[in-house]
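Novice: What follows is the file input_30.cif, containing mmCIF, C-alpha atoms:
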```
data_final
loop_
_atom_site.label_atom_id
_atom_site.label_comp_id
_atom_site.auth_asym_id
_atom_site.auth_seq_id
_atom_site.Cartn_x
_atom_site.Cartn_y
_atom_site.Cartn_z
CA MET A 16 48.86 64.89 -65.57
CA THR A 17 49.41 66.00 -69.12
CA LEU A 18 47.35 67.92 -71.66
CA SER A 19 48.22 67.31 -75.30
CA ASP A 20 47.18 68.45 -78.74
CA PHE A 21 45.11 71.36 -77.52
CA PRO A 22 43.55 73.18 -80.49
CA GLN A 23 44.71 76.59 -81.62
CA THR A 24 41.33 77.83 -82.86
CA ALA A 25 38.93 79.86 -80.72
CA PRO A 26 37.77 77.69 -77.77
CA LEU A 27 34.14 76.88 -77.12
CA LEU A 28 34.88 76.29 -73.45
CA LEU A 29 37.43 77.97 -71.19
CA ALA A 30 38.03 76.62 -67.69
CA ARG A 31 40.51 78.00 -65.19
CA ALA A 32 41.92 76.70 -61.91
CA LEU A 33 40.25 73.29 -61.84
CA ARG A 34 41.58 70.84 -59.28
CA CYS A 35 40.64 67.49 -57.79
CA SER A 36 41.41 65.90 -54.44
CA ALA A 37 40.71 62.61 -52.71
CA GLY A 38 40.51 63.53 -49.04
CA PRO A 39 43.74 65.38 -48.15
CA GLN A 40 45.53 64.14 -51.30
CA ARG A 41 45.61 66.38 -54.37
CA LEU A 42 45.03 64.20 -57.44
CA TRP A 43 45.63 66.92 -60.01
CA GLY A 44 45.50 70.65 -60.59
CA PRO A 45 45.23 73.49 -60.64
CA MET A 46 44.54 72.95 -64.33
CA ASP A 47 43.27 75.14 -67.17
CA VAL A 48 41.24 73.58 -70.01
CA GLN A 49 40.37 74.91 -73.47
CA LEU A 50 38.01 72.97 -75.73
CA THR A 51 36.88 73.59 -79.29
CA ALA A 52 34.29 71.67 -81.28
CA GLY A 53 35.12 68.02 -81.82
CA VAL A 54 35.93 65.11 -79.53
CA THR A 55 38.26 65.35 -76.53
CA TRP A 56 39.37 62.18 -74.77
CA VAL A 57 39.90 62.19 -70.99
CA THR A 58 42.04 59.30 -69.78
CA GLY A 59 43.68 58.24 -66.54
CA GLY A 60 43.91 55.39 -64.07
CA GLU A 61 41.23 54.22 -61.67
CA GLY A 62 40.34 56.89 -59.13
CA ARG A 63 42.20 59.69 -60.93
CA GLY A 64 39.17 61.97 -61.14
CA LYS A 65 37.96 61.51 -64.73
CA THR A 66 34.31 61.66 -63.70
CA SER A 67 34.98 64.62 -61.44
CA LEU A 68 36.51 66.52 -64.35
CA LEU A 69 33.41 65.89 -66.50
CA ARG A 70 31.20 67.13 -63.68
CA MET A 71 33.32 70.27 -63.31
CA LEU A 72 33.21 71.07 -67.00
CA ALA A 73 29.42 70.60 -67.06
CA GLY A 74 28.90 72.81 -64.00
CA ASP A 75 27.63 69.94 -61.84
CA LEU A 76 30.64 70.13 -59.49
CA VAL A 77 31.84 73.64 -58.70
CA VAL A 78 35.41 74.14 -57.49
CA PRO A 79 35.86 77.27 -55.33
CA GLY A 80 38.08 79.80 -57.10
CA SER A 81 37.58 78.25 -60.53
CA HIS A 82 36.16 80.07 -63.55
CA LEU A 83 34.34 78.49 -66.50
CA GLN A 84 32.87 80.03 -69.63
CA LEU A 85 30.91 78.02 -72.19
CA ALA A 86 29.76 79.54 -75.49
CA GLY A 87 29.87 83.01 -73.95
CA THR A 88 28.10 82.09 -70.70
CA GLY A 89 29.95 82.13 -67.39
CA LEU A 90 29.18 79.46 -64.81
CA GLN A 91 29.82 81.75 -61.86
CA LYS A 92 27.54 84.57 -63.09
CA GLU A 93 24.84 82.58 -64.92
CA PRO A 94 24.86 79.02 -63.54
CA ALA A 95 21.38 78.05 -64.76
CA GLN A 96 22.07 79.24 -68.31
CA TYR A 97 25.50 77.60 -68.33
CA ARG A 98 24.04 74.22 -67.37
CA LYS A 99 21.48 74.43 -70.18
CA LYS A 100 24.42 74.51 -72.59
CA ALA A 101 26.11 71.45 -71.04
CA PHE A 102 25.04 67.81 -70.97
CA TRP A 103 26.14 65.55 -68.14
CA MET A 104 24.45 62.48 -66.72
CA ASP A 105 26.00 60.10 -64.20
CA PRO A 106 25.44 56.69 -65.85
CA ARG A 107 25.03 55.15 -62.37
CA THR A 108 22.33 57.57 -61.22
CA SER A 109 19.02 56.30 -59.82
CA ALA A 110 17.41 59.75 -59.79
CA TRP A 111 15.18 58.93 -62.76
CA ASP A 112 14.40 55.31 -61.91
CA GLN A 113 10.66 55.87 -61.57
CA SER A 114 10.46 57.57 -64.98
CA SER A 115 10.30 55.86 -68.35
CA PRO A 116 12.73 56.77 -71.15
CA LEU A 117 9.92 58.71 -72.85
CA GLN A 118 9.24 60.69 -69.67
CA PHE A 119 12.92 61.42 -69.15
CA TRP A 120 13.36 62.58 -72.74
CA GLU A 121 10.28 64.79 -72.41
CA GLN A 122 12.04 66.50 -69.50
CA GLY A 123 15.07 66.84 -71.75
CA LYS A 124 13.23 69.49 -73.75
CA ARG A 125 13.14 71.64 -70.61
CA LEU A 126 16.66 70.87 -69.46
CA TRP A 127 18.34 71.49 -72.85
CA PRO A 128 16.66 74.13 -75.06
CA LEU A 129 18.29 72.82 -78.26
CA TRP A 130 16.77 69.37 -77.81
CA ASN A 131 16.22 67.55 -81.11
CA ALA A 132 13.26 65.15 -80.89
CA GLU A 133 13.98 63.68 -84.33
CA VAL A 134 17.51 62.70 -83.32
CA CYS A 135 16.12 61.21 -80.12
CA ARG A 136 13.58 59.03 -81.93
CA ALA A 137 16.03 57.84 -84.56
CA LEU A 138 18.80 56.97 -82.11
CA ALA A 139 16.40 55.19 -79.76
CA THR A 140 15.46 52.89 -82.65
CA THR A 141 19.09 52.40 -83.70
CA LEU A 142 20.06 51.41 -80.15
CA GLY A 143 17.17 48.98 -79.79
CA LEU A 144 15.24 50.91 -77.16
CA ASP A 145 11.81 50.91 -78.79
CA GLU A 146 10.49 47.99 -76.73
CA HIS A 147 11.57 49.68 -73.47
CA LEU A 148 10.19 53.19 -73.98
CA ALA A 149 7.26 52.90 -71.57
CA LYS A 150 9.06 50.91 -68.86
CA PRO A 151 10.35 52.62 -65.69
CA LEU A 152 14.11 52.92 -65.84
CA TYR A 153 14.62 50.70 -62.79
CA MET A 154 13.37 47.78 -64.92
CA LEU A 155 16.03 48.30 -67.58
CA SER A 156 19.42 46.61 -67.69
CA THR A 157 22.57 48.61 -67.03
CA GLY A 158 23.31 48.69 -70.75
CA SER A 159 19.81 49.82 -71.71
CA LYS A 160 19.85 52.60 -69.12
CA ARG A 161 23.18 53.76 -70.49
CA LYS A 162 21.63 53.85 -73.97
CA VAL A 163 18.89 56.15 -72.62
CA TRP A 164 21.52 58.61 -71.33
CA ILE A 165 23.53 58.41 -74.57
CA THR A 166 20.41 59.08 -76.63
CA ALA A 167 19.74 62.13 -74.47
CA ALA A 168 23.35 63.29 -74.84
CA CYS A 169 23.12 63.24 -78.61
CA ALA A 170 19.62 64.76 -78.77
CA SER A 171 20.35 67.49 -76.22
CA GLY A 172 22.06 69.79 -78.71
CA ALA A 173 24.26 70.95 -75.83
CA GLU A 174 27.34 72.92 -76.82
CA LEU A 175 29.31 70.79 -74.33
CA THR A 176 28.41 67.09 -74.17
CA CYS A 177 30.18 64.98 -71.52
CA MET A 178 30.05 61.18 -71.74
CA ASP A 179 31.45 58.87 -69.05
CA GLU A 180 32.57 55.45 -70.38
CA PRO A 181 29.87 55.47 -73.08
CA PHE A 182 30.70 51.98 -74.37
CA ALA A 183 30.50 50.12 -71.05
CA ALA A 184 27.90 47.31 -70.88
CA LEU A 185 26.81 47.85 -74.50
CA ASP A 186 26.34 45.32 -77.29
CA LYS A 187 28.60 45.41 -80.33
CA GLY A 188 25.96 46.94 -82.60
CA SER A 189 25.38 49.84 -80.22
CA ILE A 190 29.12 50.38 -79.82
CA ARG A 191 29.47 50.64 -83.61
CA ALA A 192 26.56 53.10 -83.79
CA ILE A 193 27.95 55.36 -81.06
CA SER A 194 31.45 55.19 -82.53
CA GLY A 195 29.96 56.35 -85.83
CA LEU A 196 28.24 59.27 -84.13
CA LEU A 197 31.51 60.31 -82.50
CA GLU A 198 33.31 60.05 -85.85
CA GLU A 199 30.75 62.49 -87.27
CA ALA A 200 31.14 64.75 -84.24
CA ALA A 201 34.91 64.79 -84.72
CA SER A 202 34.68 66.03 -88.28
CA GLY A 203 31.58 68.16 -88.60
CA SER A 204 30.07 69.02 -85.24
CA SER A 205 29.73 72.51 -83.79
CA ARG A 206 29.66 70.94 -80.33
CA ALA A 207 32.45 70.00 -77.92
CA TRP A 208 32.23 66.32 -76.93
CA VAL A 209 34.25 65.08 -73.95
CA VAL A 210 34.60 61.31 -73.57
CA ALA A 211 36.13 59.86 -70.41
CA ASP A 212 37.37 56.28 -70.82
CA TYR A 213 40.43 54.10 -70.38
CA GLU A 214 40.88 53.76 -74.16
CA PRO A 215 40.25 56.36 -76.87
CA PRO A 216 37.11 55.87 -78.97
CA ALA A 217 38.19 53.70 -81.90
CA GLY A 218 38.43 55.38 -85.27
CA VAL A 219 37.68 58.87 -83.91
CA SER A 220 39.99 61.79 -84.71
CA LEU A 221 40.58 63.61 -81.45
CA ALA A 222 40.64 67.37 -81.05
CA ALA A 223 42.50 67.02 -77.74
CA THR A 224 43.56 64.58 -75.06
CA ILE A 225 43.58 65.18 -71.31
CA ASP A 226 45.66 62.59 -69.43
CA LEU A 227 45.13 62.64 -65.67
CA GLY A 228 47.89 60.10 -65.02
CA GLU A 229 47.99 56.68 -63.43
#
```
Take the structure I supplied and represent it as structure tokens, if you would.
Specialist:
Amino acid sequence: MTLSDFPQTAPLLLARALRCSAGPQRLWGPMDVQLTAGVTWVTGGEGRGKTSLLRMLAGDLVVPGSHLQLAGTGLQKEPAQYRKKAFWMDPRTSAWDQSSPLQFWEQGKRLWPLWNAEVCRALATTLGLDEHLAKPLYMLSTGSKRKVWITAACASGAELTCMDEPFAALDKGSIRAISGLLEEAASGSSRAWVVADYEPPAGVSLAATIDLGE
């Protein structure tokens, strides 16, 4: 496991003593992470714990003895407030299958206080979701469901936005659109974006790289 190119400016997120195991085998850690605004790429081989790291950073998976602080809010002391500042959605989840994209996004206003409805509407159109907005999510293809989560990620306004393989199962036009959004996030965003994937997002200047090894 290696961490490279960590920024020297004040971090938006501080995480201490993170670690990941598969049964009795320690995959990595303990590890400290510092993230500033911009795009951080998380890479590593299959089964190396990339998704687990995203869940830890977002407060969805809590490691005993760890400590995380995001935009001045500590996960251990204020877990509910911390999670309102972090976006994470498992792209394989079925938890929202009975809801439509519109219903899920309406809940987004409650889950993430900085939700931007204008961004949500515009990106839904860009990604070709308009014809699916009233359908229950179980009726959508894998790629369309992933677009729903990506739209929510961008609209959430969350200080920390975690995206797991955002380009998987997407058409070329959607890949270009999301790459463009990440390019903007790399240069002018006040948010920390963490992208876990086998390859770095093309054309995006990275603030940091976290390599979990092969």
Novice: Return as a PyMOL selection string the set of residues that the PyMOL selection byres ((chain A and resi 37-47) around 12) yields on the displayed structure.
Specialist: chain A and resi 16-18+21+28-36+48-50+59-65+67-68+71-72+78-84+225-229
Novice: Select from range 162-183 of chain A every residue with an atom at most 8 Å from any atom of range 101-125 of chain A, then for each give the shortest pair of atoms and their distance in Å to one decimal, using all atoms listed in the file, rows by chain and rising number, as a Markdown table.
Specialist:
```
| residue | atom | partner | partner_atom | distance |
| --- | --- | --- | --- | --- |
| A:Val163 | CA | A:Pro116 | CA | 6.4 |
| A:Trp164 | CA | A:Met104 | CA | 6.7 |
| A:Ala167 | CA | A:Trp120 | CA | 6.6 |
| A:Ala168 | CA | A:Phe102 | CA | 6.2 |
| A:Ser171 | CA | A:Gly123 | CA | 6.9 |
| A:Ala173 | CA | A:Ala101 | CA | 5.2 |
| A:Glu174 | CA | A:Ala101 | CA | 6.1 |
| A:Leu175 | CA | A:Ala101 | CA | 4.6 |
| A:Thr176 | CA | A:Phe102 | CA | 4.7 |
| A:Cys177 | CA | A:Trp103 | CA | 5.3 |
| A:Met178 | CA | A:Trp103 | CA | 6.9 |
| A:Asp179 | CA | A:Pro106 | CA | 7.1 |
```
Novice: Go ahead and dump the residues you just picked, C-alpha atoms, as a PDB file, in the frame of the given file.
Specialist:
```pdb
ATOM      1  CA  VAL A 163      18.890  56.150 -72.620  1.00  0.00           C
ATOM      2  CA  TRP A 164      21.520  58.610 -71.330  1.00  0.00           C
ATOM      3  CA  ALA A 167      19.740  62.130 -74.470  1.00  0.00           C
ATOM      4  CA  ALA A 168      23.350  63.290 -74.840  1.00  0.00           C
ATOM      5  CA  SER A 171      20.350  67.490 -76.220  1.00  0.00           C
ATOM      6  CA  ALA A 173      24.260  70.950 -75.830  1.00  0.00           C
ATOM      7  CA  GLU A 174      27.340  72.920 -76.820  1.00  0.00           C
ATOM      8  CA  LEU A 175      29.310  70.790 -74.330  1.00  0.00           C
ATOM      9  CA  THR A 176      28.410  67.090 -74.170  1.00  0.00           C
ATOM     10  CA  CYS A 177      30.180  64.980 -71.520  1.00  0.00           C
ATOM     11  CA  MET A 178      30.050  61.180 -71.740  1.00  0.00           C
ATOM     12  CA  ASP A 179      31.450  58.870 -69.050  1.00  0.00           C
TER      13      ASP A 179
END
```
Novice: Box along x, y and z, 8 Å on every side, all listed atoms of range 96-112 of chain A inside: centre and edge lengths in Å to one decimal, as lines of an AutoDock Vina configuration file.
Specialist:
```
center_x = 20.3
center_y = 67.2
center_z = -66.2
size_x = 27.7
size_y = 40.1
size_z = 28.8
```
Novice: Choose the residue, out of A:Lys92, A:Ala207, A:Val54, A:Gly172, that has the smallest atom-to-atom separation from Ser194 in chain A; count all atoms listed in the file.
Specialist: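 The shortest atom-to-atom distance to Ser194 in chain A comes from A:Val54.
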Novice: Could you expand the PyMOL selection byres ((chain A and resi 213) around 6) into the explicit residues it covers here, written as a PyMOL selection string?
Specialist: chain A and resi 58+212+214
Novice: Selected by the PyMOL selection byres ((chain A and resi 141) around 10) in the shown coordinates: which residues, as a list in words?
Specialist: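 On the file shown, the PyMOL selection byres ((chain A and resi 141) around 10) covers Cys135, Arg136, Ala137, Leu138, Ala139, Thr140, Leu142, Gly143, Leu144, Asp145, Thr166, Gly188, Ser189, Ala192 and Ile193 of chain A.
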Novice: For Glu199 in chain A, which of A:Gly218, A:Lys100, A:Arg70, A:Leu185 is the closest residue, counting all atoms listed in the file?
Specialist: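 Among A:Gly218, A:Lys100, A:Arg70, A:Leu185, it is A:Gly218 that comes nearest to Glu199 in chain A.
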Novice: Would you mind reading off the distance between CA of Leu221 in chain A and CA of Lys160 in chain A, one decimal, in Å?
Specialist: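 These atoms are spaced 26.5 Å apart.
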Novice: So how many Å separate CA of Cys169 in chain A and CA of Trp56 in chain A, to one decimal?
Specialist: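 Atom-to-atom, CA of Cys169 in chain A to CA of Trp56 in chain A, that is 16.7 Å.
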Novice: Do you have the CA of Glu180 in chain A-CA of Lys150 in chain A distance handy?
Specialist: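 Those two atoms sit 24.0 Å apart.
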Novice: Export range 139-159 of chain A, C-alpha atoms, as a short mmCIF file (atom, residue, chain, number, x, y, z; two decimals), in the first residue's frame; it's the structure right above.
Specialist:
```
data_model
loop_
_atom_site.label_atom_id
_atom_site.label_comp_id
_atom_site.auth_asym_id
_atom_site.auth_seq_id
_atom_site.Cartn_x
_atom_site.Cartn_y
_atom_site.Cartn_z
CA ALA A 139 -30.41 14.00 -15.10
CA THR A 140 -31.11 15.46 -18.55
CA THR A 141 -27.44 15.31 -19.58
CA LEU A 142 -27.25 11.63 -18.60
CA GLY A 143 -30.44 10.73 -20.44
CA LEU A 144 -32.54 9.92 -17.39
CA ASP A 145 -35.61 12.03 -18.17
CA GLU A 146 -37.63 9.12 -19.58
CA HIS A 147 -36.93 7.02 -16.46
CA LEU A 148 -37.74 9.51 -13.70
CA ALA A 149 -41.06 7.99 -12.65
CA LYS A 150 -40.04 4.33 -12.96
CA PRO A 151 -39.13 2.27 -9.88
CA LEU A 152 -35.39 1.72 -9.76
CA TYR A 153 -35.71 -2.06 -10.08
CA MET A 154 -36.93 -1.48 -13.66
CA LEU A 155 -33.80 0.43 -14.65
CA SER A 156 -30.69 -1.06 -16.20
CA THR A 157 -27.47 -1.29 -14.21
CA GLY A 158 -26.08 1.70 -16.09
CA SER A 159 -29.19 3.83 -15.56
#
```
